[in-house]
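Next comes start-v4.cif, a file with mmCIF, C-alpha atoms.
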data_structure
#
loop_
_atom_site.label_atom_id
_atom_site.label_comp_id
_atom_site.auth_asym_id
_atom_site.auth_seq_id
_atom_site.Cartn_x
_atom_site.Cartn_y
_atom_site.Cartn_z
CA MET N 597 -12.92 -143.78 -9.99
CA ALA N 598 -16.53 -144.72 -9.80
CA ALA N 599 -19.07 -142.86 -11.89
CA ASN N 600 -21.41 -142.56 -8.93
CA PRO N 601 -21.34 -138.87 -7.92
CA MET N 602 -21.83 -139.86 -4.29
CA TYR N 603 -18.71 -141.98 -4.28
CA GLN N 604 -16.57 -138.98 -3.41
CA PHE N 605 -18.25 -138.77 0.00
CA ASN N 606 -17.26 -142.30 0.99
CA VAL N 607 -15.33 -142.58 4.19
CA TYR N 608 -12.74 -145.32 4.35
CA ARG N 609 -10.21 -146.43 6.87
CA ILE N 610 -6.57 -145.39 6.56
CA GLY N 611 -4.23 -147.62 8.49
CA PRO N 612 -5.23 -150.05 11.20
CA GLU N 613 -8.62 -150.32 12.83
CA ILE N 614 -8.70 -148.57 16.21
CA LYS N 615 -11.44 -149.67 18.55
CA LEU N 616 -12.36 -148.28 21.94
CA GLY N 617 -14.61 -150.93 23.37
CA GLU N 618 -17.48 -151.19 20.94
CA ILE N 619 -16.80 -147.83 19.25
CA ASP N 620 -14.75 -147.61 16.06
CA LEU N 621 -12.32 -144.68 16.21
CA SER N 622 -10.21 -145.58 13.19
CA PHE N 623 -8.22 -142.96 11.32
CA THR N 624 -10.08 -142.31 8.07
CA ASN N 625 -9.77 -140.05 5.06
CA ALA N 626 -12.15 -137.69 6.89
CA SER N 627 -9.82 -137.62 9.89
CA LEU N 628 -6.88 -137.03 7.55
CA PHE N 629 -8.50 -133.93 6.07
CA MET N 630 -9.53 -132.65 9.49
CA VAL N 631 -5.93 -132.95 10.61
CA LEU N 632 -4.70 -131.35 7.39
CA SER N 633 -7.10 -128.41 7.73
CA ALA N 634 -6.15 -127.84 11.35
CA LEU N 635 -2.46 -128.09 10.46
CA THR N 636 -2.82 -125.66 7.55
CA VAL N 637 -4.55 -123.14 9.79
CA LEU N 638 -1.92 -123.58 12.48
CA ILE N 639 1.02 -123.26 10.07
CA ILE N 640 -0.38 -120.18 8.34
CA PHE N 641 -1.18 -118.39 11.56
CA LYS N 642 2.01 -119.51 13.27
CA LEU N 643 4.00 -117.97 10.42
CA GLY N 644 1.72 -114.94 10.47
CA SER N 645 2.24 -114.23 14.14
CA LYS N 646 5.95 -114.86 14.36
CA LYS N 647 7.84 -111.62 14.35
CA ASN N 648 6.76 -108.35 15.72
CA ILE N 649 7.66 -106.16 12.77
CA ILE N 650 6.08 -102.84 12.02
CA ILE N 651 5.57 -103.36 8.30
CA PRO N 652 4.01 -106.84 7.99
CA ASN N 653 5.03 -109.32 5.32
CA LYS N 654 2.43 -111.05 3.17
CA ILE N 655 1.60 -113.96 5.45
CA GLN N 656 1.51 -111.72 8.50
CA LEU N 657 -0.80 -109.35 6.66
CA LEU N 658 -3.06 -112.30 5.85
CA ALA N 659 -3.17 -113.42 9.47
CA GLU N 660 -3.77 -109.91 10.78
CA LEU N 661 -6.44 -109.15 8.19
CA SER N 662 -8.34 -112.32 9.10
CA TYR N 663 -7.93 -111.47 12.77
CA SER N 664 -9.42 -108.01 12.34
CA PHE N 665 -12.07 -109.31 9.92
CA ILE N 666 -13.42 -111.79 12.47
CA SER N 667 -12.95 -109.39 15.34
CA LYS N 668 -15.03 -106.82 13.48
CA MET N 669 -17.66 -109.43 12.58
CA ILE N 670 -18.05 -110.43 16.24
CA SER N 671 -18.21 -106.89 17.57
CA ASP N 672 -20.73 -105.92 14.88
CA THR N 673 -23.09 -108.80 15.53
CA ALA N 674 -22.64 -109.70 19.19
CA GLY N 675 -21.16 -106.56 20.72
CA THR N 676 -18.25 -106.18 23.10
CA LYS N 677 -19.55 -108.79 25.51
CA ALA N 678 -18.66 -111.51 23.01
CA LYS N 679 -14.94 -110.80 23.25
CA PRO N 680 -14.11 -113.85 25.43
CA TYR N 681 -15.55 -116.10 22.71
CA PHE N 682 -13.36 -114.60 20.00
CA SER N 683 -10.85 -117.48 19.94
CA PHE N 684 -13.62 -120.04 19.60
CA ILE N 685 -15.37 -118.27 16.74
CA PHE N 686 -12.04 -117.60 15.04
CA SER N 687 -11.09 -121.28 15.27
CA LEU N 688 -14.54 -122.31 14.10
CA PHE N 689 -14.48 -120.03 11.08
CA MET N 690 -10.95 -121.02 10.12
CA PHE N 691 -11.61 -124.74 10.59
CA VAL N 692 -14.80 -124.71 8.51
CA LEU N 693 -13.22 -122.46 5.88
CA PHE N 694 -10.16 -124.64 5.44
CA CYS N 695 -12.22 -127.87 5.44
CA ASN N 696 -14.35 -126.34 2.68
CA MET N 697 -11.38 -125.01 0.75
CA LEU N 698 -9.29 -128.18 0.98
CA GLY N 699 -12.37 -129.99 -0.33
CA MET N 700 -12.09 -127.95 -3.51
CA ILE N 701 -8.82 -129.69 -4.40
CA PRO N 702 -9.56 -132.50 -6.87
CA TYR N 703 -9.51 -136.02 -5.37
CA SER N 704 -9.59 -134.60 -1.88
CA PHE N 705 -12.28 -135.14 0.71
CA THR N 706 -14.66 -132.50 2.04
CA VAL N 707 -15.04 -132.91 5.78
CA THR N 708 -17.96 -130.49 6.01
CA SER N 709 -19.99 -132.43 3.42
CA HIS N 710 -20.83 -134.90 6.18
CA ILE N 711 -23.90 -134.13 8.24
CA ILE N 712 -22.44 -135.71 11.34
CA VAL N 713 -19.49 -133.30 11.39
CA THR N 714 -21.55 -130.17 10.86
CA PHE N 715 -24.20 -131.44 13.26
CA VAL N 716 -21.68 -132.01 16.04
CA LEU N 717 -20.32 -128.50 15.55
CA ALA N 718 -23.81 -127.00 15.47
CA ALA N 719 -24.98 -129.03 18.47
CA PHE N 720 -21.92 -127.97 20.43
CA ILE N 721 -22.64 -124.32 19.59
CA PHE N 722 -26.34 -124.74 20.43
CA ILE N 723 -25.66 -126.36 23.79
CA GLY N 724 -22.89 -123.91 24.60
CA VAL N 725 -25.01 -120.88 23.72
CA THR N 726 -27.93 -122.23 25.76
CA ILE N 727 -25.67 -122.79 28.78
CA ILE N 728 -24.21 -119.29 28.42
CA GLY N 729 -27.70 -117.85 28.18
CA PHE N 730 -28.91 -119.57 31.34
CA LEU N 731 -25.71 -118.68 33.20
CA LYS N 732 -25.98 -115.01 32.24
CA HIS N 733 -29.71 -114.52 32.73
CA GLY N 734 -30.86 -117.46 34.84
CA LEU N 735 -34.44 -118.39 34.13
CA GLY N 736 -34.84 -114.95 32.56
CA TYR N 737 -33.31 -116.48 29.46
CA LEU N 738 -36.72 -118.03 28.82
CA LYS N 739 -37.92 -114.52 27.97
CA LEU N 740 -36.25 -115.17 24.63
CA PHE N 741 -39.37 -117.14 23.71
CA VAL N 742 -41.72 -114.31 24.64
CA PRO N 743 -41.33 -111.43 22.20
CA SER N 744 -42.43 -108.05 23.46
CA GLY N 745 -45.32 -106.21 21.86
CA VAL N 746 -47.32 -109.31 20.99
CA PRO N 747 -51.07 -109.48 21.80
CA ILE N 748 -51.80 -111.85 24.69
CA VAL N 749 -54.20 -113.88 22.56
CA LEU N 750 -51.41 -114.75 20.15
CA LEU N 751 -48.83 -115.37 22.85
CA PRO N 752 -49.27 -119.16 23.28
CA LEU N 753 -48.89 -119.68 19.54
CA ILE N 754 -45.90 -117.34 19.29
CA VAL N 755 -44.14 -119.01 22.22
CA VAL N 756 -44.56 -122.43 20.64
CA ILE N 757 -43.22 -121.12 17.32
CA GLU N 758 -40.29 -119.44 19.05
CA ILE N 759 -39.41 -122.61 20.94
CA ILE N 760 -39.55 -124.67 17.76
CA SER N 761 -37.40 -122.15 15.89
CA TYR N 762 -34.90 -122.14 18.77
CA LEU N 763 -34.71 -125.90 18.89
CA SER N 764 -34.32 -126.16 15.13
CA ARG N 765 -31.27 -123.90 15.21
CA PRO N 766 -28.67 -126.70 15.35
CA ILE N 767 -30.45 -128.56 12.57
CA SER N 768 -30.72 -125.55 10.27
CA LEU N 769 -27.15 -124.52 11.03
CA SER N 770 -25.71 -127.96 10.31
CA VAL N 771 -27.91 -128.83 7.34
CA ARG N 772 -27.19 -125.49 5.66
CA LEU N 773 -23.44 -126.13 5.59
CA PHE N 774 -23.69 -129.85 4.87
CA ALA N 775 -26.25 -129.48 2.07
CA ASN N 776 -24.36 -126.66 0.40
CA MET N 777 -21.10 -128.55 0.36
CA MET N 778 -22.66 -131.85 -0.69
CA ALA N 779 -24.81 -130.33 -3.43
CA GLY N 780 -21.92 -128.33 -4.86
CA HIS N 781 -19.55 -131.26 -4.99
CA THR N 782 -22.22 -133.56 -6.41
CA MET N 783 -23.03 -131.04 -9.15
CA MET N 784 -19.37 -130.72 -10.06
CA LYS N 785 -19.02 -134.46 -10.17
CA VAL N 786 -22.14 -134.80 -12.36
CA PHE N 787 -20.89 -132.19 -14.82
CA GLY N 788 -17.47 -133.84 -14.80
CA GLY N 789 -19.22 -137.10 -15.67
CA PHE N 790 -21.01 -135.36 -18.58
CA VAL N 791 -17.66 -134.15 -19.92
CA VAL N 792 -16.40 -137.72 -20.00
CA SER N 793 -19.56 -139.23 -21.47
CA LEU N 794 -20.08 -136.56 -24.17
CA GLY N 795 -16.45 -136.78 -25.20
CA ILE N 796 -14.42 -134.30 -27.22
CA VAL N 797 -17.36 -133.25 -29.40
CA GLY N 798 -20.06 -132.32 -26.87
CA GLY N 799 -18.03 -132.15 -23.70
CA TRP N 800 -17.12 -128.49 -23.94
CA LEU N 801 -20.41 -127.17 -22.63
CA PRO N 802 -20.39 -129.20 -19.38
CA LEU N 803 -16.67 -128.45 -19.06
CA SER N 804 -17.33 -124.71 -19.13
CA PHE N 805 -20.12 -125.29 -16.62
CA SER N 806 -17.70 -127.19 -14.48
CA VAL N 807 -15.18 -124.35 -14.60
CA ALA N 808 -17.87 -121.83 -13.63
CA LEU N 809 -19.08 -124.14 -10.88
CA THR N 810 -15.57 -124.35 -9.47
CA GLY N 811 -15.51 -120.59 -9.09
CA LEU N 812 -18.97 -120.61 -7.56
CA GLU N 813 -18.03 -123.42 -5.19
CA ILE N 814 -14.98 -121.53 -3.95
CA LEU N 815 -17.27 -118.59 -3.25
CA VAL N 816 -19.76 -120.90 -1.52
CA ALA N 817 -16.96 -122.47 0.51
CA PHE N 818 -16.04 -119.05 1.87
CA LEU N 819 -19.61 -117.86 2.20
CA GLN N 820 -20.80 -120.92 4.11
CA ALA N 821 -17.92 -120.67 6.55
CA TYR N 822 -18.79 -117.00 7.01
CA VAL N 823 -22.49 -117.78 7.45
CA PHE N 824 -21.69 -120.50 9.94
CA ALA N 825 -19.55 -118.13 11.99
CA ILE N 826 -21.93 -115.20 11.78
CA LEU N 827 -24.92 -117.31 12.81
CA THR N 828 -22.89 -118.50 15.78
CA CYS N 829 -22.31 -114.84 16.61
CA ILE N 830 -26.01 -114.08 16.30
CA TYR N 831 -26.96 -116.97 18.60
CA LEU N 832 -24.29 -115.80 21.01
CA ASN N 833 -25.72 -112.30 20.82
CA ASP N 834 -29.13 -113.67 21.82
CA ALA N 835 -27.57 -115.37 24.80
CA LEU N 836 -25.43 -112.40 25.89
CA ASN N 837 -27.75 -109.49 25.22
CA LEU N 838 -31.35 -110.53 25.77
CA HIS N 839 -33.34 -108.24 23.50
CA HIS N 840 -36.87 -109.56 23.73
CA MET D 1332 -23.99 -135.96 30.64
CA LEU D 1333 -25.71 -133.95 27.98
CA VAL D 1334 -23.11 -134.64 25.28
CA LYS D 1335 -23.18 -138.35 25.93
CA LYS D 1336 -26.95 -138.30 25.78
CA THR D 1337 -26.98 -136.48 22.47
CA LEU D 1338 -24.34 -138.82 21.09
CA PHE D 1339 -26.41 -141.74 22.17
CA SER D 1340 -29.53 -140.33 20.55
CA ILE D 1341 -27.55 -139.71 17.36
CA PHE D 1342 -26.39 -143.28 17.47
CA LEU D 1343 -29.94 -144.49 17.93
CA TYR D 1344 -31.14 -142.28 15.12
CA CYS D 1345 -28.50 -143.48 12.75
CA THR D 1346 -29.09 -147.13 13.46
CA LEU D 1347 -32.73 -146.50 12.64
CA ILE D 1348 -31.74 -144.89 9.34
CA LYS D 1349 -29.36 -147.72 8.67
CA THR D 1350 -32.08 -150.29 9.04
CA ALA D 1351 -34.34 -148.14 6.87
CA LEU D 1352 -31.77 -147.91 4.11
CA SER D 1353 -30.70 -151.52 4.73
CA ALA D 1354 -27.12 -150.91 3.63
CA GLU D 1355 -28.09 -149.73 0.20
CA SER D 1356 -24.94 -148.96 -1.79
CA GLY D 1357 -26.54 -146.23 -3.90
CA GLY D 1358 -27.54 -144.07 -0.91
CA MET D 1359 -25.75 -141.19 0.70
CA PRO D 1360 -22.51 -142.22 2.39
CA GLN D 1361 -23.20 -139.41 4.86
CA LEU D 1362 -26.03 -141.41 6.37
CA ASP D 1363 -23.92 -144.53 6.84
CA PRO D 1364 -23.16 -144.51 10.55
CA GLU D 1365 -20.18 -146.83 10.26
CA PHE D 1366 -17.60 -144.06 10.77
CA TRP D 1367 -19.74 -141.54 12.62
CA PHE D 1368 -18.03 -142.05 15.94
CA SER D 1369 -14.65 -141.96 14.31
CA GLN D 1370 -15.56 -138.67 12.63
CA ILE D 1371 -16.95 -137.23 15.89
CA PHE D 1372 -13.85 -138.32 17.78
CA TRP D 1373 -11.42 -136.91 15.22
CA LEU D 1374 -13.45 -133.72 14.87
CA ILE D 1375 -13.37 -133.12 18.61
CA PHE D 1376 -9.69 -134.01 18.73
CA THR D 1377 -8.50 -131.86 15.82
CA PHE D 1378 -10.84 -128.94 16.45
CA GLY D 1379 -10.07 -129.02 20.15
CA LEU D 1380 -6.35 -129.01 19.49
CA LEU D 1381 -6.72 -126.26 16.91
CA PHE D 1382 -8.76 -124.16 19.31
CA PHE D 1383 -6.33 -124.76 22.16
CA ILE D 1384 -3.20 -123.85 20.18
CA LEU D 1385 -4.82 -120.87 18.47
CA SER D 1386 -6.23 -119.40 21.66
CA LYS D 1387 -3.18 -120.07 23.84
CA PHE D 1388 -0.23 -119.43 21.55
CA ILE D 1389 -1.12 -117.79 18.27
CA LEU D 1390 -4.00 -115.36 18.67
CA PRO D 1391 -2.43 -113.49 21.64
CA ASN D 1392 0.67 -112.95 19.50
CA ILE D 1393 -1.34 -111.54 16.61
CA SER D 1394 -3.33 -109.36 18.96
CA SER D 1395 -0.20 -108.02 20.65
CA ASN D 1396 1.41 -107.43 17.25
CA LEU D 1397 -1.59 -105.40 16.17
CA GLU D 1398 -1.65 -103.49 19.45
CA ASN D 1399 2.07 -102.78 19.23
CA ARG D 1400 1.77 -101.53 15.70
CA LYS D 1401 -1.15 -99.32 16.64
CA SER D 1402 0.66 -97.84 19.62
CA GLN D 1403 3.85 -97.40 17.60
CA ILE D 1404 1.99 -95.59 14.84
CA LEU D 1405 0.28 -93.39 17.39
CA GLU D 1406 3.62 -92.69 19.02
CA ASN D 1407 5.19 -91.81 15.71
CA ILE D 1408 2.32 -89.50 14.85
CA GLU D 1409 2.71 -87.87 18.23
CA LYS D 1410 6.43 -87.47 17.69
CA ALA D 1411 5.89 -85.99 14.25
CA GLU D 1412 3.35 -83.60 15.69
CA GLU D 1413 5.82 -82.63 18.39
CA GLN D 1414 8.54 -82.01 15.85
CA ARG D 1415 6.19 -79.96 13.73
CA GLN D 1416 5.32 -77.90 16.78
CA GLU D 1417 8.98 -77.46 17.53
CA SER D 1418 9.77 -76.32 14.03
CA GLU D 1419 6.86 -73.92 14.16
CA ASN D 1420 8.17 -72.53 17.42
CA LYS D 1421 11.61 -72.16 15.88
CA ILE D 1422 10.14 -70.33 12.93
CA LYS D 1423 8.34 -68.04 15.34
CA GLU D 1424 11.55 -67.48 17.27
CA PHE D 1425 13.39 -66.75 14.06
CA ASP D 1426 10.73 -64.25 13.04
CA LYS D 1427 10.96 -62.64 16.44
CA ILE D 1428 14.72 -62.35 16.21
CA ILE D 1429 14.45 -60.79 12.78
CA TYR D 1430 11.83 -58.38 14.00
CA GLU D 1431 13.91 -57.46 17.03
CA SER D 1432 17.02 -56.91 15.01
CA LYS D 1433 15.06 -54.72 12.60
CA VAL D 1434 13.81 -52.66 15.51
CA GLN D 1435 17.31 -52.45 16.89
CA ALA D 1436 18.71 -51.35 13.57
CA LYS D 1437 16.06 -48.67 13.33
CA ASN D 1438 16.87 -47.52 16.86
CA ILE D 1439 20.56 -47.36 16.11
CA LEU D 1440 19.87 -45.43 12.95
CA ASN D 1441 17.62 -43.03 14.80
CA GLU D 1442 20.15 -42.54 17.52
CA ALA D 1443 22.89 -41.91 15.05
CA LYS D 1444 20.70 -39.42 13.25
CA LYS D 1445 19.88 -37.73 16.50
CA LYS D 1446 23.49 -37.60 17.52
CA ILE D 1447 24.56 -36.18 14.23
CA SER D 1448 21.86 -33.54 14.26
CA GLU D 1449 22.74 -32.68 17.83
CA ASP D 1450 26.36 -32.40 16.87
CA ILE D 1451 25.48 -30.21 13.98
CA ASN D 1452 23.31 -28.07 16.18
CA ASN D 1453 26.01 -27.77 18.80
CA LYS D 1454 28.58 -26.79 16.28
CA LYS D 1455 26.19 -24.34 14.71
CA LYS D 1456 25.50 -22.84 18.07
CA LEU D 1457 29.16 -22.61 18.89
CA LEU D 1458 29.84 -21.01 15.60
CA GLU D 1459 26.96 -18.65 16.02
CA ASP D 1460 28.12 -17.77 19.51
CA LYS D 1461 31.58 -17.08 18.25
CA ILE D 1462 30.29 -15.02 15.41
CA ASN D 1463 28.00 -13.17 17.74
CA SER D 1464 30.73 -12.44 20.22
CA GLU D 1465 33.02 -11.29 17.47
CA ILE D 1466 30.34 -9.11 16.04
CA LYS D 1467 29.71 -7.73 19.48
CA SER D 1468 33.35 -6.96 20.11
CA VAL D 1469 33.66 -5.38 16.71
CA GLU D 1470 30.53 -3.38 17.38
CA ASN D 1471 31.97 -2.30 20.69
CA GLU D 1472 35.12 -1.24 19.02
CA ILE D 1473 33.21 0.61 16.44
CA ASN D 1474 31.13 2.25 19.10
CA GLU D 1475 34.18 3.23 21.01
CA LEU D 1476 35.75 4.48 17.94
CA ARG D 1477 32.61 6.37 17.16
CA LYS D 1478 32.49 7.72 20.66
CA ARG D 1479 36.05 8.79 20.52
CA SER D 1480 36.04 10.13 17.03
CA PRO D 1481 34.32 13.53 17.69
CA GLU D 1482 36.93 14.30 20.31
CA THR D 1483 39.77 13.38 18.01
CA ILE D 1484 38.16 15.28 15.21
CA ASN D 1485 37.74 18.24 17.47
CA GLN D 1486 41.34 18.06 18.52
CA ILE D 1487 42.45 17.71 14.95
CA ALA D 1488 40.19 20.60 14.02
CA ILE D 1489 41.59 22.66 16.89
CA SER D 1490 45.20 21.91 16.00
CA THR D 1491 44.61 22.37 12.29
CA SER D 1492 42.74 25.59 12.75
CA SER D 1493 45.41 26.87 15.15
CA ASP D 1494 48.11 25.92 12.63
CA LEU D 1495 46.14 27.56 9.91
CA LEU D 1496 45.62 30.70 11.95
CA LYS D 1497 49.28 30.72 12.82
CA GLN D 1498 50.28 30.62 9.24
CA LEU D 1499 47.61 33.12 8.26
CA ILE D 1500 48.18 35.67 10.88
CA GLY D 1501 51.59 34.56 12.00
CA ALA D 1502 50.82 34.65 15.67
CA ASP D 1503 49.81 32.19 18.28
CA VAL D 1504 46.10 32.16 18.92
CA ASN D 1505 44.59 31.26 22.21
CA GLN D 1506 44.02 27.61 22.22
CA SER D 1507 41.00 27.78 24.46
CA ASN D 1508 39.23 30.15 22.20
CA ILE D 1509 39.66 27.92 19.25
CA SER D 1510 38.51 24.92 21.09
CA ALA D 1511 35.44 26.78 22.24
CA ILE D 1512 34.60 27.66 18.68
CA VAL D 1513 35.20 24.13 17.45
CA GLU D 1514 33.06 22.73 20.15
CA ASP D 1515 30.38 25.12 19.42
CA LEU D 1516 30.55 24.25 15.78
CA SER D 1517 30.73 20.59 16.29
CA LYS D 1518 27.73 20.71 18.57
CA LYS D 1519 25.86 22.64 15.97
CA GLU D 1520 26.78 20.36 13.13
CA LYS D 1521 26.79 17.15 15.06
CA GLY D 1522 23.73 15.71 13.44
CA LYS D 1523 25.08 16.60 10.07
CA TYR D 1524 28.21 14.47 10.20
CA TYR D 1525 27.59 11.68 12.66
CA GLY D 1526 24.71 9.47 12.81
CA VAL D 1527 24.39 10.12 16.56
#
Whole structure given in structure tokens:
Amino acid sequence: MAANPMYQFNVYRIGPEIKLGEIDLSFTNASLFMVLSALTVLIIFKLGSKKNIIIPNKIQLLAELSYSFISKMISDTAGTKAKPYFSFIFSLFMFVLFCNMLGMIPYSFTVTSHIIVTFVLAAFIFIGVTIIGFLKHGLGYLKLFVPSGVPIVLLPLIVVIEIISYLSRPISLSVRLFANMMAGHTMMKVFGGFVVSLGIVGGWLPLSFSVALTGLEILVAFLQAYVFAILTCIYLNDALNLHH
Amino acid sequence: MLVKKTLFSIFLYCTLIKTALSAESGGMPQLDPEFWFSQIFWLIFTFGLLFFILSKFILPNISSNLENRKSQILENIEKAEEQRQESENKIKEFDKIIYESKVQAKNILNEAKKKISEDINNKKKLLEDKINSEIKSVENEINELRKRSPETINQIAISTSSDLLKQLIGADVNQSNISAIVEDLSKKEKGKYYGV
């Protein structure tokens, strides 16, 4: 294991090189953990939705609690109109959550600590929300950039700011998740390195830090998945219910 | 296509970064575009599959399970409410029956009392009638006797006085004379001896 704290983010090929024309589509450790996360989600929720029994068992309770948790989150932030997008937001939340959580296992790989992954997700959400907005409101969706109750003198400035803030949405959404995951894992790695270098005499302090950081990182893993999903809901809310 | 365009711009961007970093080994592996397309492809593949299976096969099941449980619980509550209502009705019915039977018992008691008192009254009346009639007949008898008694007494007085006179003077005395005297006397003394 290299001492470089960034080494854990290295992507390497597993198995043969797969090429589609010029593009490299090889199966990597990142792909492995994406598949593992998706499979974990599928297995848990498959088991949790199996039997129709009145008193749910533990795994069914877990599945149903997450279902109602996300359902409530969507209806609270985006209203009833967002119901058709429930499956997407549910999948998104679960995928990000399990990628984050599987990354907390030592020697594993954190899919969401790569900007390209979070950026593709965020860009997809951004484009999708923009399309939904234009489909629902036509050109009226542009009213999103013109807040009501603003003096006409300030309007050109405000509109420019609004457009910039709208366009920066995918960047802020993706960088938030990526930076949180990368920073957390780097910190843990750095403290782990301190434990090794300070040895049995001085290593206890960084070790206790490392333990505390693990707890914090698990919280962050959940929180960032939640933030990612709830921001998606908020963007969706803007597109579905034009408030400005 | 918009996606293709964005992908292309990402590719352009990353090649720029790559040249800027010039394959430095100490940099962030995240900015190394070598596996970016692989990651994008596998992300779309796994997430797409996850979304497809969740939305088509798993989430409808969970939703229907939740709905079924909700409706079942509602049904059970309704049933319980119904049964409670029923038991309340039965209690009411029971109370009513008890009340009715109490009333009936009272009525029967009253009737019996009435009957008994009527009976007693009837018997009393009968008895009284009997007593009255007896008293009346006795009174009649007494009256008759009383009516007849002066005559008898007169006759006795006549016969006695004639017998007495016969023994005193030793000759028959005119009966009519004696009777006239007795009558005269008895008329005179009537109030003295009889309460008439």
Report as a Markdown table: every residue of chain D with an atom at most 6 Å from chain N, its closest pair of atoms, and their distance in Å to one decimal, counting only C-alpha atoms, with rows sorted by chain and ascending residue number.
| residue | atom | partner | partner_atom | distance |
| --- | --- | --- | --- | --- |
| D:Pro1360 | CA | N:Asn606 | CA | 5.4 |
| D:Gln1361 | CA | N:His710 | CA | 5.3 |
| D:Ser1369 | CA | N:Leu621 | CA | 4.1 |
| D:Trp1373 | CA | N:Ser627 | CA | 5.6 |
| D:Thr1377 | CA | N:Val631 | CA | 5.9 |
| D:Leu1381 | CA | N:Ala634 | CA | 5.8 |
| D:Phe1382 | CA | N:Ser687 | CA | 5.5 |
| D:Ser1386 | CA | N:Ser683 | CA | 5.3 |
| D:Asn1392 | CA | N:Ser645 | CA | 5.7 |
| D:Ile1393 | CA | N:Ser645 | CA | 5.1 |
| D:Asn1396 | CA | N:Asn648 | CA | 5.6 |
| D:Arg1400 | CA | N:Ile650 | CA | 5.8 |
_Between atom CA of Leu827 of chain N and atom CA of Tyr762 of chain N, what distance in Å does the model show, to one decimal?_
12.6 Å
Give the padded box for segment 751-754 of chain N as AutoDock Vina command-line options: axis-aligned, covering all atoms listed in the file, 8 Å on each side, centre and edge lengths in Å to one decimal.
--center_x -47.6 --center_y -117.5 --center_z 21.3 --size_x 19.4 --size_y 20.3 --size_z 20.0
*Selected residue of minimal separation from Lys668 of chain N among N:Val786, N:Ser744, N:Ile826, N:Ala779, counting all atoms listed in the file*: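 Looking at the shortest contact to Lys668 of chain N, the residue is N:Ile826.
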*What is the distance between atom CA of Leu803 of chain N and atom CA of Met784 of chain N, in Å to one decimal?*
9.7 Å
*Give me the residues within 12 Å of Ala1488 of chain D as a ChimeraX atom specification, counting all atoms listed in the file and dropping any in the same chain fewer than 3 places off.*
/D:1480-1485,1491-1496,1506,1509-1514,1516-1517
Convert the output of the PyMOL selection byres ((chain N and resi 832) around 9) on the shown file into explicit residues, formatted as an mmCIF file with C-alpha atoms, in the frame of the given file.
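Okay, result10.cif is ready:
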data_model
loop_
_atom_site.group_PDB
_atom_site.id
_atom_site.type_symbol
_atom_site.label_atom_id
_atom_site.label_comp_id
_atom_site.auth_asym_id
_atom_site.auth_seq_id
_atom_site.Cartn_x
_atom_site.Cartn_y
_atom_site.Cartn_z
ATOM 1 C CA THR N 673 -23.090 -108.800 15.530
ATOM 2 C CA ALA N 674 -22.640 -109.700 19.190
ATOM 3 C CA ALA N 678 -18.660 -111.510 23.010
ATOM 4 C CA TYR N 681 -15.550 -116.100 22.710
ATOM 5 C CA ILE N 721 -22.640 -124.320 19.590
ATOM 6 C CA GLY N 724 -22.890 -123.910 24.600
ATOM 7 C CA VAL N 725 -25.010 -120.880 23.720
ATOM 8 C CA THR N 726 -27.930 -122.230 25.760
ATOM 9 C CA ILE N 728 -24.210 -119.290 28.420
ATOM 10 C CA GLY N 729 -27.700 -117.850 28.180
ATOM 11 C CA LEU N 827 -24.920 -117.310 12.810
ATOM 12 C CA THR N 828 -22.890 -118.500 15.780
ATOM 13 C CA CYS N 829 -22.310 -114.840 16.610
ATOM 14 C CA ILE N 830 -26.010 -114.080 16.300
ATOM 15 C CA TYR N 831 -26.960 -116.970 18.600
ATOM 16 C CA ASN N 833 -25.720 -112.300 20.820
ATOM 17 C CA ASP N 834 -29.130 -113.670 21.820
ATOM 18 C CA ALA N 835 -27.570 -115.370 24.800
ATOM 19 C CA LEU N 836 -25.430 -112.400 25.890
ATOM 20 C CA ASN N 837 -27.750 -109.490 25.220
#
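You will find atom CA of Gly617 of chain N at 12.1 Å from atom CA of Phe1368 of chain D.
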_Need to verify the contact set: Arg772 of chain N, 10 Å, only C-alpha atoms, exclusion of same-chain residues closer than 5 positions in sequence. Can you return it as a list in words?_
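The contact residues come out as Ile711, Thr714, Pro766, Ile767, Met777, Gln820, Val823 and Phe824 of chain N.
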